[in-house]
>>> print(open('coords32.csv').read())   # CSV, C-alpha atoms
chain,number,residue,atom,x,y,z
A,265,MET,CA,22.5,-10.0,-2.7
A,266,PRO,CA,19.9,-7.3,-2.3
A,267,LYS,CA,16.5,-8.3,-1.0
A,268,VAL,CA,13.3,-7.1,-2.7
A,269,GLY,CA,10.0,-7.5,-0.9
A,270,VAL,CA,6.8,-8.3,-2.7
A,271,VAL,CA,3.7,-7.6,-0.7
A,272,THR,CA,0.8,-10.0,-1.0
A,273,PHE,CA,-2.7,-8.5,-0.2
A,274,PRO,CA,-5.9,-10.5,-0.3
A,275,GLY,CA,-6.7,-10.5,-4.0
A,276,SER,CA,-3.1,-9.9,-5.3
A,277,LEU,CA,-2.6,-11.7,-8.6
A,278,ASP,CA,0.9,-10.9,-9.8
A,279,ASP,CA,2.9,-11.3,-6.7
A,280,ARG,CA,4.6,-14.5,-7.9
A,281,ASP,CA,5.4,-13.0,-11.2
A,282,ALA,CA,7.0,-10.0,-9.5
A,283,GLN,CA,9.0,-12.4,-7.3
A,284,ARG,CA,10.3,-14.2,-10.4
A,285,ALA,CA,11.2,-10.8,-12.0
A,286,VAL,CA,13.2,-9.9,-8.9
A,287,ARG,CA,15.0,-13.3,-9.0
A,288,LEU,CA,15.8,-12.9,-12.7
A,289,ALA,CA,17.2,-9.4,-12.0
A,290,GLY,CA,19.7,-10.9,-9.6
A,291,ALA,CA,18.1,-10.1,-6.2
A,292,GLU,CA,16.4,-12.3,-3.6
A,293,PRO,CA,12.7,-12.0,-3.5
A,294,VAL,CA,11.0,-11.8,-0.1
A,295,ALA,CA,7.3,-12.5,0.2
A,296,LEU,CA,5.7,-10.0,2.5
A,297,TRP,CA,2.3,-10.3,4.0
A,298,HIS,CA,-0.2,-7.5,4.2
A,299,ALA,CA,-1.2,-8.1,7.8
A,300,ASP,CA,2.3,-8.0,9.2
A,301,HIS,CA,4.1,-5.0,10.6
A,302,ASP,CA,7.4,-6.3,9.2
A,303,LEU,CA,9.4,-5.6,6.1
A,304,GLY,CA,11.7,-8.5,6.7
A,305,GLY,CA,14.9,-6.5,6.2
A,306,VAL,CA,14.3,-5.8,2.5
A,307,ASP,CA,16.1,-3.1,0.5
A,308,ALA,CA,13.2,-2.4,-1.9
A,309,ILE,CA,9.5,-3.1,-2.2
A,310,VAL,CA,7.2,-4.1,-5.0
A,311,LEU,CA,3.4,-3.7,-4.6
A,312,PRO,CA,2.1,-6.1,-7.3
A,313,GLY,CA,-0.9,-6.1,-9.5
A,314,GLY,CA,-4.3,-7.8,-8.9
A,315,PHE,CA,-7.6,-6.9,-7.3
A,316,SER,CA,-6.9,-6.4,-3.6
A,317,TYR,CA,-10.1,-6.7,-1.6
A,318,GLY,CA,-12.0,-7.3,-4.8
A,319,ASP,CA,-11.6,-3.6,-5.8
A,320,TYR,CA,-14.3,-2.9,-3.2
A,321,LEU,CA,-14.7,0.7,-2.1
A,322,ARG,CA,-12.1,1.9,-4.7
A,323,CYS,CA,-9.2,0.0,-6.3
A,324,GLY,CA,-6.4,-0.1,-3.8
A,325,ALA,CA,-8.3,1.9,-1.1
A,326,ILE,CA,-8.6,-0.9,1.5
A,327,ALA,CA,-5.1,-2.3,0.8
A,328,ALA,CA,-3.7,1.3,1.3
A,329,HIS,CA,-4.8,1.0,5.0
A,330,ALA,CA,-3.3,-2.5,5.5
A,331,ALA,CA,-1.0,-3.1,8.5
A,332,ILE,CA,2.2,-3.4,6.4
A,333,MET,CA,1.5,-0.1,4.7
A,334,SER,CA,2.5,2.0,7.7
A,335,GLU,CA,6.0,0.4,7.3
A,336,VAL,CA,5.9,0.8,3.5
A,337,ILE,CA,5.0,4.5,3.8
A,338,ALA,CA,7.8,5.1,6.4
A,339,ALA,CA,10.4,3.2,4.3
A,340,ALA,CA,9.3,5.1,1.1
A,341,ASN,CA,9.6,8.4,2.9
A,342,ASP,CA,13.1,7.3,4.0
A,343,GLY,CA,14.1,6.8,0.3
A,344,MET,CA,13.6,3.0,-0.1
A,345,PRO,CA,12.8,2.1,-3.7
A,346,VAL,CA,9.1,1.2,-4.0
A,347,LEU,CA,7.5,0.1,-7.3
A,348,GLY,CA,3.7,-0.1,-7.6
A,349,ILE,CA,2.4,-2.0,-10.6
A,350,CYS,CA,-1.3,-1.7,-11.7
A,351,ASN,CA,-3.2,-2.4,-8.5
A,352,GLY,CA,0.1,-1.5,-6.7
A,353,PHE,CA,0.0,1.9,-8.4
A,354,GLN,CA,-3.6,2.3,-7.2
A,355,VAL,CA,-2.5,1.5,-3.7
A,356,LEU,CA,0.3,4.1,-3.9
A,357,VAL,CA,-2.1,6.9,-4.9
A,358,GLU,CA,-4.6,5.8,-2.2
A,359,ALA,CA,-1.8,5.9,0.4
A,360,HIS,CA,-0.8,9.4,-0.9
A,361,LEU,CA,2.7,8.3,-1.8
A,362,LEU,CA,1.9,9.4,-5.3
A,363,PRO,CA,-0.4,12.3,-6.4
A,364,GLY,CA,-3.6,12.0,-8.4
A,365,GLY,CA,-6.0,9.1,-8.8
A,366,LEU,CA,-7.0,6.3,-11.1
A,367,VAL,CA,-10.5,6.0,-12.5
A,368,ARG,CA,-12.5,3.7,-14.7
A,369,ASN,CA,-11.2,3.5,-18.3
A,370,ASP,CA,-13.0,6.2,-20.3
A,371,HIS,CA,-14.4,3.7,-22.8
A,372,GLY,CA,-15.8,1.6,-19.9
A,373,ALA,CA,-14.1,-1.7,-20.9
A,374,PHE,CA,-11.3,-3.8,-19.5
A,375,VAL,CA,-8.3,-3.6,-21.7
A,376,CYS,CA,-5.6,-6.3,-22.2
A,377,ARG,CA,-2.8,-5.7,-24.7
A,378,ASP,CA,0.9,-5.4,-25.3
A,379,GLN,CA,1.4,-1.7,-24.8
A,380,ARG,CA,4.2,0.5,-26.3
A,381,LEU,CA,5.5,3.1,-23.8
A,382,ARG,CA,8.0,5.9,-24.0
A,383,VAL,CA,10.4,6.2,-21.1
A,384,GLU,CA,10.4,9.9,-20.1
A,385,SER,CA,12.6,9.8,-17.1
A,386,THR,CA,15.7,7.7,-16.2
A,387,SER,CA,16.3,9.5,-12.9
A,388,THR,CA,14.1,7.2,-10.8
A,389,ALA,CA,15.3,4.1,-8.8
A,390,TRP,CA,13.4,1.9,-11.3
A,391,THR,CA,14.4,3.4,-14.6
A,392,THR,CA,18.2,4.1,-14.5
A,393,GLY,CA,18.9,1.3,-17.0
A,394,PHE,CA,16.8,2.9,-19.8
A,395,GLU,CA,17.6,5.7,-22.1
A,396,VAL,CA,15.4,8.8,-22.1
A,397,GLY,CA,13.0,8.5,-25.0
A,398,GLN,CA,13.5,4.8,-25.3
A,399,GLU,CA,10.4,2.9,-26.5
A,400,ILE,CA,9.5,-0.3,-24.7
A,401,THR,CA,6.6,-2.8,-24.9
A,402,ILE,CA,5.1,-4.5,-21.9
A,403,PRO,CA,1.7,-5.9,-21.2
A,404,LEU,CA,-1.2,-3.7,-19.9
A,405,LYS,CA,-4.4,-5.1,-18.3
A,406,ASN,CA,-6.7,-2.9,-16.4
A,407,GLY,CA,-10.3,-1.7,-16.1
A,408,GLU,CA,-9.6,1.3,-13.9
A,409,GLY,CA,-6.3,2.8,-15.3
A,410,GLY,CA,-7.3,6.3,-16.2
A,411,TYR,CA,-4.8,8.6,-14.6
A,412,ILE,CA,-6.3,11.9,-13.4
A,413,ALA,CA,-5.1,14.8,-11.3
A,414,ASP,CA,-6.0,18.5,-11.0
A,415,ALA,CA,-4.4,20.9,-13.5
A,416,GLU,CA,-1.9,22.1,-10.9
A,417,THR,CA,-0.7,18.6,-10.1
A,418,ILE,CA,-0.3,17.7,-13.8
A,419,ALA,CA,1.7,20.9,-14.4
A,420,ARG,CA,3.9,20.1,-11.5
A,421,LEU,CA,4.5,16.5,-12.6
A,422,GLU,CA,5.3,17.6,-16.1
A,423,GLY,CA,7.5,20.5,-15.0
A,424,ASP,CA,9.5,18.4,-12.6
A,425,GLY,CA,10.0,15.5,-15.0
A,426,ARG,CA,8.0,13.2,-12.8
A,427,VAL,CA,6.1,11.6,-15.7
A,428,VAL,CA,8.1,8.5,-16.0
A,429,PHE,CA,6.2,6.6,-18.8
A,430,ARG,CA,3.8,7.8,-21.5
A,431,TYR,CA,1.5,5.6,-23.7
A,432,LEU,CA,2.4,5.4,-27.3
A,433,ASP,CA,0.2,4.6,-30.3
A,434,VAL,CA,-3.1,4.6,-28.3
A,435,ASN,CA,-4.1,6.0,-25.0
A,436,PRO,CA,-5.7,2.8,-23.6
A,437,ASN,CA,-7.7,4.2,-20.7
A,438,GLY,CA,-8.2,8.0,-21.1
A,439,SER,CA,-5.2,8.9,-18.9
A,440,MET,CA,-4.5,12.6,-18.8
A,441,ASN,CA,-1.4,13.6,-21.0
A,442,ASP,CA,-1.1,9.9,-21.9
A,443,ILE,CA,0.5,9.3,-18.5
A,444,ALA,CA,1.2,5.6,-17.9
A,445,GLY,CA,3.5,6.1,-14.8
A,446,ILE,CA,4.8,8.7,-12.4
A,447,ALA,CA,7.3,9.1,-9.6
A,448,ASN,CA,7.5,10.9,-6.3
A,449,GLU,CA,9.7,14.0,-5.9
A,450,ARG,CA,12.7,12.0,-4.8
A,451,GLY,CA,12.3,9.4,-7.6
A,452,ASN,CA,12.4,6.3,-5.3
A,453,VAL,CA,8.6,5.7,-5.5
A,454,VAL,CA,7.3,4.8,-9.0
A,455,GLY,CA,3.8,3.7,-10.0
A,456,LEU,CA,2.6,2.6,-13.4
A,457,MET,CA,-0.4,0.7,-14.8
A,458,PRO,CA,1.4,-1.6,-17.3
A,459,HIS,CA,3.1,-4.7,-16.1
A,460,PRO,CA,6.9,-4.9,-16.4
A,461,GLU,CA,7.0,-8.2,-14.4
A,462,HIS,CA,5.2,-9.9,-17.3
A,463,ALA,CA,8.1,-9.1,-19.7
A,464,VAL,CA,11.2,-10.4,-18.1
A,465,GLU,CA,11.9,-13.8,-19.6
A,466,PRO,CA,12.2,-14.9,-23.2
A,467,GLY,CA,9.3,-17.2,-24.2
A,468,PHE,CA,6.9,-15.4,-21.9
A,469,GLY,CA,6.9,-11.8,-22.9
A,470,PRO,CA,5.3,-9.7,-25.6
A,471,ASP,CA,6.0,-10.5,-29.3
A,472,THR,CA,8.9,-8.6,-30.9
A,473,PRO,CA,9.9,-8.4,-34.5
A,474,ALA,CA,12.7,-10.8,-33.7
A,475,ALA,CA,10.6,-13.6,-32.2
A,476,MET,CA,7.3,-14.5,-30.6
A,477,ARG,CA,7.0,-13.7,-26.9
A,478,SER,CA,10.7,-12.7,-26.7
A,479,GLY,CA,10.1,-9.2,-25.2
A,480,VAL,CA,11.9,-8.6,-22.0
A,481,ASP,CA,11.7,-4.8,-21.7
A,482,GLY,CA,10.3,-5.2,-18.2
A,483,LEU,CA,13.4,-6.7,-16.8
A,484,THR,CA,15.2,-3.3,-16.9
A,485,PHE,CA,12.9,-2.0,-14.1
A,486,PHE,CA,14.1,-4.6,-11.7
A,487,THR,CA,17.8,-4.6,-12.8
A,488,SER,CA,17.8,-0.8,-12.5
A,489,ALA,CA,16.7,-1.1,-8.8
A,490,VAL,CA,19.1,-3.9,-8.1
A,491,GLN,CA,22.1,-2.1,-9.6
A,492,GLY,CA,21.2,1.0,-7.6
A,493,LEU,CA,21.1,-1.1,-4.4
A,494,LEU,CA,24.4,-2.8,-5.2
A,495,ALA,CA,26.0,0.6,-5.8
A,496,HIS,CA,24.9,1.8,-2.4
A,497,VAL,CA,26.3,-1.3,-0.5
U,212,MET,CA,-30.1,1.5,16.2
U,213,PRO,CA,-29.4,4.9,14.6
U,214,VAL,CA,-27.8,4.9,11.2
U,215,ILE,CA,-25.5,7.6,9.7
U,216,VAL,CA,-25.6,7.9,6.0
U,217,VAL,CA,-22.6,9.1,3.9
U,218,GLU,CA,-23.1,9.9,0.3
U,219,VAL,CA,-20.1,10.1,-2.1
U,220,MET,CA,-20.2,11.2,-5.7
U,221,PRO,CA,-17.5,11.3,-8.4
U,222,LYS,CA,-16.3,14.9,-8.9
U,223,ALA,CA,-18.6,16.8,-11.3
U,224,GLU,CA,-15.8,17.7,-13.7
U,225,LEU,CA,-14.7,14.1,-14.1
U,226,LEU,CA,-16.0,11.7,-16.7
U,227,ASP,CA,-18.2,9.1,-15.1
U,228,PRO,CA,-18.1,6.1,-17.4
U,229,ALA,CA,-20.4,4.1,-15.1
U,230,GLY,CA,-23.1,6.8,-15.1
U,231,LYS,CA,-22.7,7.2,-18.8
U,232,ALA,CA,-23.3,3.4,-19.3
U,233,VAL,CA,-26.5,3.7,-17.3
U,234,ALA,CA,-27.6,6.7,-19.2
U,235,GLY,CA,-27.0,4.7,-22.4
U,236,ALA,CA,-29.2,1.9,-21.1
U,237,LEU,CA,-32.0,4.3,-20.2
U,238,ALA,CA,-31.9,5.8,-23.7
U,239,ARG,CA,-32.0,2.3,-25.3
U,240,LEU,CA,-35.1,1.5,-23.1
U,241,GLY,CA,-36.8,4.5,-24.6
U,242,HIS,CA,-36.6,6.7,-21.4
U,243,ASP,CA,-35.8,9.9,-23.3
U,244,ARG,CA,-36.4,12.5,-20.6
U,245,PHE,CA,-33.0,12.1,-19.0
U,246,THR,CA,-30.0,13.9,-20.3
U,247,GLY,CA,-27.5,12.4,-17.9
U,248,VAL,CA,-26.9,9.9,-15.1
U,249,ARG,CA,-24.2,10.2,-12.4
U,250,LEU,CA,-23.5,7.2,-10.3
U,251,GLY,CA,-22.2,7.5,-6.7
U,252,LYS,CA,-22.1,5.6,-3.4
U,253,ARG,CA,-24.2,5.5,-0.3
U,254,PHE,CA,-22.7,4.1,3.0
U,255,GLU,CA,-25.0,3.3,5.9
U,256,LEU,CA,-23.1,3.2,9.2
U,257,THR,CA,-25.1,1.6,12.0
U,258,VAL,CA,-24.3,3.1,15.4
U,259,ASP,CA,-24.1,1.5,18.7
U,260,GLY,CA,-25.6,4.2,21.0
U,261,VAL,CA,-26.6,7.7,20.3
U,262,VAL,CA,-25.4,10.0,17.5
U,263,ASP,CA,-24.0,13.2,18.8
U,264,ASP,CA,-22.1,16.0,17.1
U,265,ALA,CA,-18.7,14.6,18.1
U,266,LEU,CA,-19.6,11.3,16.3
U,267,LEU,CA,-20.9,13.1,13.3
U,268,GLU,CA,-17.7,15.0,13.1
U,269,GLN,CA,-15.7,11.7,13.4
U,270,VAL,CA,-17.8,10.3,10.5
U,271,ARG,CA,-17.1,13.3,8.4
U,272,GLU,CA,-13.4,12.7,8.9
U,273,ILE,CA,-13.7,9.0,8.1
U,274,ALA,CA,-15.7,9.9,5.0
U,275,GLU,CA,-12.8,12.2,3.8
U,276,ASP,CA,-10.1,9.7,4.8
U,277,LEU,CA,-11.4,6.3,3.7
U,278,LEU,CA,-15.0,6.3,2.3
U,279,ALA,CA,-14.1,8.9,-0.4
U,280,ASN,CA,-10.9,9.6,-2.3
U,281,THR,CA,-11.1,13.4,-2.4
U,282,VAL,CA,-8.8,13.5,-5.5
U,283,ILE,CA,-11.6,11.9,-7.6
U,284,GLU,CA,-14.7,12.1,-5.4
U,285,ASP,CA,-16.7,14.5,-3.1
U,286,VAL,CA,-18.5,13.7,0.1
U,287,VAL,CA,-21.9,15.3,-0.7
U,288,ALA,CA,-23.8,14.4,2.4
U,289,VAL,CA,-23.4,13.1,6.0
U,290,HIS,CA,-26.6,12.8,7.9
U,291,THR,CA,-28.5,10.6,10.4
U,292,VAL,CA,-31.5,8.7,9.3
U,293,ASP,CA,-34.7,9.2,11.4
U,294,PRO,CA,-35.2,6.4,13.9
U,295,ALA,CA,-38.2,4.9,12.3
U,296,LEU,CA,-36.5,4.6,8.9
U,297,ALA,CA,-33.3,3.3,10.7
U,298,GLU,CA,-35.4,0.6,12.3
U,299,GLN,CA,-36.6,-0.5,8.8
U,300,LEU,CA,-33.1,-0.5,7.5
U,301,SER,CA,-31.7,-2.7,10.3
U,302,ASP,CA,-34.8,-5.0,10.0
U,303,GLY,CA,-33.9,-5.3,6.3
U,304,VAL,CA,-30.3,-6.3,7.2
U,305,ALA,CA,-31.5,-8.8,9.8
U,306,GLY,CA,-34.0,-10.2,7.3
U,307,GLU,CA,-31.3,-10.7,4.7
U,308,THR,CA,-29.0,-12.6,7.1
U,309,ARG,CA,-31.7,-14.9,8.4
>>> encode(input="coords32.csv", output="structure tokens")
Amino acid sequence: MPKVGVVTFPGSLDDRDAQRAVRLAGAEPVALWHADHDLGGVDAIVLPGGFSYGDYLRCGAIAAHAAIMSEVIAAANDGMPVLGICNGFQVLVEAHLLPGGLVRNDHGAFVCRDQRLRVESTSTAWTTGFEVGQEITIPLKNGEGGYIADAETIARLEGDGRVVFRYLDVNPNGSMNDIAGIANERGNVVGLMPHPEHAVEPGFGPDTPAAMRSGVDGLTFFTSAVQGLLAHV
Amino acid sequence: MPVIVVEVMPKAELLDPAGKAVAGALARLGHDRFTGVRLGKRFELTVDGVVDDALLEQVREIAEDLLANTVIEDVVAVHTVDPALAEQLSDGVAGETR
């Protein structure tokens, strides 16, 4: 069974939910601690949501310099699947594993809603189980989720198909080009602001036309990575 | 002890919602002479020993690497505070912790 590590930083909130998502996707979750220089033999890594270090300095900035990040960066550069969710996405940009930055929502308020997204790329480690153009709904909750980058970076991301998810209906935070998530060049590192780990189990996900809280669109992120790992064994 | 000050501002071309909120508050309070507010950060690094060019250079690197994210922010100033003012600053810190 593949092992997927979930890193807990001081102030991480959604590490347990991410572990549960990993388990539901058929892999063994491994709790990793920010202060260790040890990845515990995992095959993939999730950097979960939350408010590491109280969002002091900048969201994700102090966590990006945590001890375990030197191992995470090395593993990511070796091709290990890494998913950064919300604060985890902020950590990935602060660690320069993904380009651009995340700034305070343009309207200045924290936003919490079930968010429709369009899957723009299925050639990443975390999205192979989707169809290109598929529309999914997963929760979104952030105060500093506005994705920005210089014009050259945006053009490169768009040109290379590295915009993985785009907001539908409303742009909830002023992100450029409605970008909700991006990937690195190789496609093994993906970061997004919305929370797939909160939409993995019937009864606890977003509402769907079929039934209340029945949305499990987030599970495909984790099953995609697990299937990819099993295929490589 | 000497103090090195680092000032960081959001990049000019970016929307600064925090500054905008403060500008809105000023307008509501009737302060109508201000057309905009931008909100940045000031770091005060207290130094053990003397500040030389090598240390200032090191602080400039730290500023670009950790204190600012140069994708969204600019380091606008790195300077030492004059000794008398530095004294007041460190007194202030001591006073707060007492």
>>> atom_distance(input="coords32.csv", atom1="atom CA of A:Ile400", atom2="atom CA of A:Leu483")
10.9 Å
>>> interface_residues(input="coords32.csv", of="chain A", to="chain U", cutoff="9 Å", atoms="all atoms listed in the file", output="list in words")
Leu321, Arg322, Ala325, Ile326, His329, Glu358, Pro363, Gly364, Gly365, Leu366, Val367, Arg368, Asn369, Asp370, His371, Gly372, Ile412, Ala413 and Asp414 of chain A
>>> residues_around(input="coords32.csv", residues="A:Gly348", least_positions_apart="5", cutoff="8 Å", atoms="only C-alpha atoms", output="ChimeraX atom specification")
/A:310-313,353-356,453-456
>>> residues_around(input="coords32.csv", residues="stretch 469-479 of chain A", least_positions_apart="5", cutoff="7 Å", atoms="all atoms listed in the file", output="list in words")
Asp378, Ile402, Pro403, His462, Ala463 and Val464 of chain A
>>> atom_distance(input="coords32.csv", atom1="atom CA of U:Asp285", atom2="atom CA of A:Gly438")
20.9 Å
